[in-house]
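Engineer: This is the structure, below, for whatever I ask next.
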Amino acid sequence: MIEQKNEPKKVYWNGAYYNALSKDVEVLKQQAPHLYAKLFPRTEYKVRDEKIQVYQIFYDKHSFENLDAGFIPYQTKSPPHNFENDVILDIWRKRDWVNAKYVGVLSWRFYEKTLLSSKDIRYKGKVITFDCVGYDVFDHPFSRKCFTSVNEMVQMADKAKLFPFKLDRYKVKKNVWCNYWIATPKVFDDYCTNYLSKAIEFFKGTDLYDRTEKHRDKQYLSMTFFLEGLFSVYLTEKNL
């Protein structure tokens, strides 16, 4: 009988194959993090602090298999209208997190986009933010010229004085993308009460609520891009 040896897992990118032993595999970490994540799966972390109420969204079998055991699984049947923001508000309304030390809602792609697992997080301060690999080239959504409908949403919010400051040409100190942040209950509640829920309720019923923009050759709801830029504004306003 011939003994079969397991071939090392490999990925194909930019005209070449890579495996975990390739001398130039580090290039994937910066330029193709989703492939790097396949070669170096996260280490499971099975001891979870009950005072850390950090949820991780999943939709199906594939997304479930990519969850981090250090977070709390949170299932939705399909991506809701406002993606992770609707889940954030659902959790906010349930109030299960009021006695926690930290609360957050992360994507099932957290490791793929940050190359971090739950065991890498140091819980310190009022807010913990995470950098998505390769996202530093993008401008803040409110200032992107190509997002016409998002620009219109900014103008509409300013005209109605939705916030006590103008969003148009707002200069954020740091871009924090999607839901890549964790905060203390006080900060979480303040953001959901005075920013996130307020913005969603304001745009519901307007034609902009269901408008779409093209991003990476696909159409996505403009509302998700508007909300993607909101937490960065909150951090700047609160000087966090």
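Scheme for the structure tokens: letters A, B, ... for chains in order shown; per-chain residue numbers from 1; ligand numbers from 1 in order shown.
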Give me the residues near region 170-178 of chain A as a PyMOL selection string, where near means some atom within 6 Å (using only C-alpha atoms) and where sequence neighbours in that chain fewer than 6 positions away do not count.

Structural biologist: chain A and resi 228+232-233+236

Engineer: Leaving out region 118-124 of chain A and any residue of its chain fewer than 6 positions from it, which residues lie within 8 Å of it when counting only C-alpha atoms, given as a VMD selection string?

Structural biologist: chain A and resid 45 68 to 71 102

Engineer: For N, CA and C atoms, I'd like the residues from the last selection saved as a PDB file, in the first residue's frame.

Structural biologist:
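Final file, again-v7.pdb:
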ATOM      1  N   TYR A  45     -10.122  29.883  20.420  1.00  0.00           N
ATOM      2  CA  TYR A  45     -10.002  30.375  21.786  1.00  0.00           C
ATOM      3  C   TYR A  45     -11.309  30.058  22.483  1.00  0.00           C
ATOM      4  N   ASP A  68     -15.368  32.752  15.365  1.00  0.00           N
ATOM      5  CA  ASP A  68     -14.336  32.657  16.395  1.00  0.00           C
ATOM      6  C   ASP A  68     -15.014  32.209  17.690  1.00  0.00           C
ATOM      7  N   ALA A  69     -14.517  31.130  18.296  1.00  0.00           N
ATOM      8  CA  ALA A  69     -15.145  30.572  19.496  1.00  0.00           C
ATOM      9  C   ALA A  69     -15.074  31.520  20.689  1.00  0.00           C
ATOM     10  N   GLY A  70     -14.252  32.567  20.601  1.00  0.00           N
ATOM     11  CA  GLY A  70     -14.156  33.530  21.693  1.00  0.00           C
ATOM     12  C   GLY A  70     -15.245  34.578  21.676  1.00  0.00           C
ATOM     13  N   PHE A  71     -16.081  34.589  20.613  1.00  0.00           N
ATOM     14  CA  PHE A  71     -17.192  35.529  20.513  1.00  0.00           C
ATOM     15  C   PHE A  71     -18.523  34.788  20.647  1.00  0.00           C
ATOM     16  N   TYR A 102     -17.604  45.122  28.205  1.00  0.00           N
ATOM     17  CA  TYR A 102     -17.519  45.584  26.816  1.00  0.00           C
ATOM     18  C   TYR A 102     -18.609  44.900  25.995  1.00  0.00           C
TER      19      TYR A 102
END

Engineer: Excluding region 187-194 of chain A and any residue of its chain fewer than 6 positions from it, enumerate the residues within 9 Å of it, using only C-alpha atoms, and give them as a list in words.

Structural biologist: Ile88, Leu89, Trp92, Val98, Tyr102, Val103, Gly104, Lys126, Val127, Phe163, Phe231 and Tyr234 of chain A

Engineer: Find the residues around region 148-153 of chain A up to 12 Å (only C-alpha atoms counted), leave out those fewer than 3 positions away in its own chain, and share them as a VMD selection string.

Structural biologist: chain A and resid 140 to 145 156 to 160 162 166 to 170 199 to 200 202 to 204 206 to 214 220 to 230
